[in-house]
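Structure, as structure tokens:
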Amino acid sequence: MVLFKLAQRGLGLISTVILARILVPEDFGLIAMAMSVYAVLEIMGAFSFDLALIQNQKATREHYDTAWTFNVMYGAVAATILFFLAEPMALFFGDARLAEIVPYLALASLLQGGENIGVVAFRKELDFKKEFNFLLFKKIIAFVVTITAAFLYQNYWALVLGIVTSTAAGVAISYFLHPYRPRFSLAKGLELFHFSKWLLLNNVLVFLNIRGIDFVIGKISGAKVLGLYTISYELSNLATTELVTPLTRAVFPGYARMSADREELRKGFLNVLSLVAVMVIPIGLGTMVLSEPLVRVLLGEKWLESIPLIEILAIAGVSRGLQANFGAVFLALGKPKMIAILSVIQISIAYPAFIFALLEGGIEAGASALVITAFIVLPLSYFLLMRALSLPVLNVFSVLWRPVISAFAMVAALVYLQDIWPLYQNTASLVAQFLMYIAAGGVVYSASLTLLWQLSHKPRDSAEAFIFDFLRQKLVNV
């Protein structure tokens, strides 16, 4: 399943790289402005009924039908609001093009509400192959349409078409892949809202934490700066958005089943945290150190202004990745309130700090404020999680110290390598050099991690043991 996710997410990265080569930062910023309001309305209706259905092991057809009915109703409401907000949004951000873009997003919102609720069963029943097929087919269609439109139009309309196409494809594929045919019903409305009320608040707060900043940047700094920030955030947080978030999505049903056995849940959490740390820490710090060749190779010269932003935001990405698994645990324990508390604390610190820094020092200062906030909240998050699970701090330390030390060894090696081997100007040579940087960093990190694992007497409940067992099995089957 991890390989399936890597393939699916890799397609998203390829799409971003191709589009960044064809379009300009302002195109991405303009769509980010439009999507900021679209996302707000989507989040306001995001009662996470899918999680409620997964958490409720006794959910009936009435529960599924009620969830689908609410989704359809809210999709229609959100689409209407978006349609009438098109002109006000254009006035707010000072860009008339938004008045033409937003009605298409309203169409996407209307379509999204009708997606077959039956696909939730893929996750609930741990049928990851069907879940993968559903997500991959949708992404492939969006990829083909968006890239084709980018070559044809050479502007932001390619991104708009990609959004609408992806949504429409998702709805169609959901009915093709799952035989469930929902009916209109409100029979289980109160029961679903009882579980989902905290999830709605959490979704709003998570959105404000991650994407709400777009409002501020778009209003104060304009489309170009917002476009630079959007792509910088996407590249610097790849490990979290493309690896950890899908992993968390996959493990939540398992956590829900473990919730009655606290010891089993603790063990499951530590296993996932170990795997997350082994991936997130080196990728995040590696992205920070290799930000310049990364931008020159993947995005091109017109994105050079994003280099310092990627350096800064990559550090915040590590913090996000190391906390991304927490929400699934709190939900499995029936404590969604804890997620809300942490989000409120982070927002109350991050927004004033970011706005002040943005006004005084520009987007790089604002990004630095976000990093500082993330690492202020990180210890509190771990404290609350360990308290909820009755988890000793040494258990957490035991799965984190090896990847941390190994990643810093990798950083030291990459800094030294770049000092003695400056970047080539020739594109082909630069690509080869960048790949060698990555290979060298991977070798140093892997060797250090393996050595530390062996010196620790090869603990079985660790990501290293899982990786070695996986590789050994693959070699045996060759």
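Here's how to read the names in the structure tokens: chain A, B, ... by the order shown, residue numbers from 1 in each chain, ligand numbers from 1 in the order shown.
Residue neighbourhood of stretch 19-36 of chain A, excluding near-sequence residues (fewer than 5 positions): Asn155, Tyr156, Ala223, Lys224, Leu226, Gly227, Leu228 and Leu299 of chain A, at 6 Å, using only C-alpha atoms.
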>> Residues near A:Pro88, anyone? I mean within 12 Å using only C-alpha atoms, not counting same-chain ones fewer than 2 positions away, as a list in words.
In response: Ala34, Val37, Ile81, Leu82, Phe83, Phe84, Leu85, Ala86, Ala90, Leu91, Phe92, Phe93, Gly94, Asp95, Ala96, Arg97, Leu98, Ala99, Glu100 and Val102 of chain A
> Do you know which residues are at most 10 Å from stretch 160-172 of chain A counting only C-alpha atoms, after dropping those on the same chain fewer than 5 positions away, and could you put them as a ChimeraX atom specification?
Replying inline: /A:31,34-35,101-102,104-117,134-150,155,177
Take the residues from that selection and write them out as a JSON list (two decimals), in the first residue's frame, keeping C-alpha atoms.
```
[["chain", "number", "residue", "atom", "x", "y", "z"],
["A", 31, "ILE", "CA", -5.91, 30.19, -8.14],
["A", 34, "ALA", "CA", -9.93, 31.70, -5.48],
["A", 35, "MET", "CA", -9.39, 28.40, -3.68],
["A", 101, "ILE", "CA", -12.84, 31.86, -12.06],
["A", 102, "VAL", "CA", -15.02, 31.46, -8.97],
["A", 104, "TYR", "CA", -16.31, 27.30, -12.06],
["A", 105, "LEU", "CA", -15.31, 26.47, -8.50],
["A", 106, "ALA", "CA", -18.97, 26.74, -7.57],
["A", 107, "LEU", "CA", -19.67, 24.03, -10.14],
["A", 108, "ALA", "CA", -16.96, 21.86, -8.59],
["A", 109, "SER", "CA", -18.52, 22.30, -5.15],
["A", 110, "LEU", "CA", -21.93, 21.28, -6.47],
["A", 111, "LEU", "CA", -20.50, 18.15, -8.07],
["A", 112, "GLN", "CA", -18.44, 17.19, -5.01],
["A", 113, "GLY", "CA", -21.53, 16.93, -2.83],
["A", 114, "GLY", "CA", -22.86, 14.05, -4.91],
["A", 115, "GLU", "CA", -19.88, 11.70, -4.52],
["A", 116, "ASN", "CA", -20.89, 8.14, -3.61],
["A", 117, "ILE", "CA", -20.67, 7.72, 0.17],
["A", 134, "PHE", "CA", -10.36, 5.35, -6.65],
["A", 135, "LEU", "CA", -7.81, 8.05, -5.82],
["A", 136, "LEU", "CA", -5.40, 7.17, -8.62],
["A", 137, "PHE", "CA", -7.96, 7.13, -11.45],
["A", 138, "LYS", "CA", -9.22, 10.53, -10.36],
["A", 139, "LYS", "CA", -5.70, 11.96, -10.25],
["A", 140, "ILE", "CA", -4.73, 10.51, -13.64],
["A", 141, "ILE", "CA", -7.73, 12.15, -15.33],
["A", 142, "ALA", "CA", -7.02, 15.49, -13.66],
["A", 143, "PHE", "CA", -3.33, 15.18, -14.61],
["A", 144, "VAL", "CA", -4.04, 14.61, -18.29],
["A", 145, "VAL", "CA", -6.61, 17.41, -18.53],
["A", 146, "THR", "CA", -4.56, 19.96, -16.55],
["A", 147, "ILE", "CA", -1.28, 19.38, -18.38],
["A", 148, "THR", "CA", -3.00, 19.40, -21.79],
["A", 149, "ALA", "CA", -4.80, 22.65, -20.92],
["A", 150, "ALA", "CA", -1.54, 24.18, -19.67],
["A", 155, "ASN", "CA", -2.25, 30.40, -18.11],
["A", 177, "LEU", "CA", -16.10, 1.38, -8.31]]
```
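Distances to A:Ser221 were evaluated for A:Val120, A:Ile405, A:Val276, A:Ile355 using only C-alpha atoms, and the minimum falls at A:Ile355.
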> Which residue, A:Leu152, A:Leu389, A:Leu208, A:Leu309, has the smallest gap to A:Ile345 when you use only C-alpha atoms?
Replying inline: A:Leu208
>> For A:Leu238, find every residue with an atom within 12 Å (counting only C-alpha atoms), except residues of its own chain fewer than 6 positions away, and show them as a PyMOL selection string.
In response: chain A and resi 6+9-10+12-13+16+231-232+244-246+279-288+310+313-318+320-321
Would you write out those residues with C-alpha atoms, as a PDB file, in the first residue's frame?
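Done, and the output landed in selection-v8.pdb:
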```pdb
ATOM      1  CA  LEU A   6       4.095   6.711  -3.521  1.00  0.00           C
ATOM      2  CA  ARG A   9       1.584  11.042  -4.927  1.00  0.00           C
ATOM      3  CA  GLY A  10       4.493  10.980  -7.338  1.00  0.00           C
ATOM      4  CA  GLY A  12       1.007  14.896  -8.193  1.00  0.00           C
ATOM      5  CA  LEU A  13       4.627  16.032  -7.880  1.00  0.00           C
ATOM      6  CA  THR A  16       3.336  20.412 -10.148  1.00  0.00           C
ATOM      7  CA  ILE A 231       4.524  26.265  -4.480  1.00  0.00           C
ATOM      8  CA  SER A 232       7.231  26.675  -1.813  1.00  0.00           C
ATOM      9  CA  VAL A 244       2.436  11.055   6.146  1.00  0.00           C
ATOM     10  CA  THR A 245      -1.079  12.357   5.480  1.00  0.00           C
ATOM     11  CA  PRO A 246      -2.022   9.345   3.295  1.00  0.00           C
ATOM     12  CA  MET A 279      10.789   9.447   6.340  1.00  0.00           C
ATOM     13  CA  VAL A 280       9.894  12.995   7.386  1.00  0.00           C
ATOM     14  CA  ILE A 281      13.040  14.139   9.176  1.00  0.00           C
ATOM     15  CA  PRO A 282      15.591  13.349   6.431  1.00  0.00           C
ATOM     16  CA  ILE A 283      13.318  14.484   3.576  1.00  0.00           C
ATOM     17  CA  GLY A 284      12.473  17.755   5.335  1.00  0.00           C
ATOM     18  CA  LEU A 285      16.053  18.606   6.300  1.00  0.00           C
ATOM     19  CA  GLY A 286      17.348  17.394   2.945  1.00  0.00           C
ATOM     20  CA  THR A 287      14.895  19.692   1.153  1.00  0.00           C
ATOM     21  CA  MET A 288      16.106  22.587   3.274  1.00  0.00           C
ATOM     22  CA  ILE A 310      11.524  26.511   0.829  1.00  0.00           C
ATOM     23  CA  LEU A 313       9.075  26.107   5.344  1.00  0.00           C
ATOM     24  CA  ALA A 314      10.872  22.744   5.122  1.00  0.00           C
ATOM     25  CA  ILE A 315      11.652  23.041   8.824  1.00  0.00           C
ATOM     26  CA  ALA A 316       7.986  23.669   9.603  1.00  0.00           C
ATOM     27  CA  GLY A 317       7.187  20.632   7.462  1.00  0.00           C
ATOM     28  CA  VAL A 318       9.221  18.411   9.766  1.00  0.00           C
ATOM     29  CA  ARG A 320       3.938  19.107  10.964  1.00  0.00           C
ATOM     30  CA  GLY A 321       4.948  15.617   9.921  1.00  0.00           C
TER      31      GLY A 321
END
```
>> Would you compute the distance between atom CA of A:Ala324 and atom CA of A:Thr240? Give it in Å to one decimal.
In response: 7.6 Å
> Near A:Pro392, counting only C-alpha atoms, which residues have an atom at most 12 Å away, once you skip same-chain residues fewer than 3 positions from it, shown as a ChimeraX atom specification?
Replying inline: /A:266-267,270,382-389,395-398
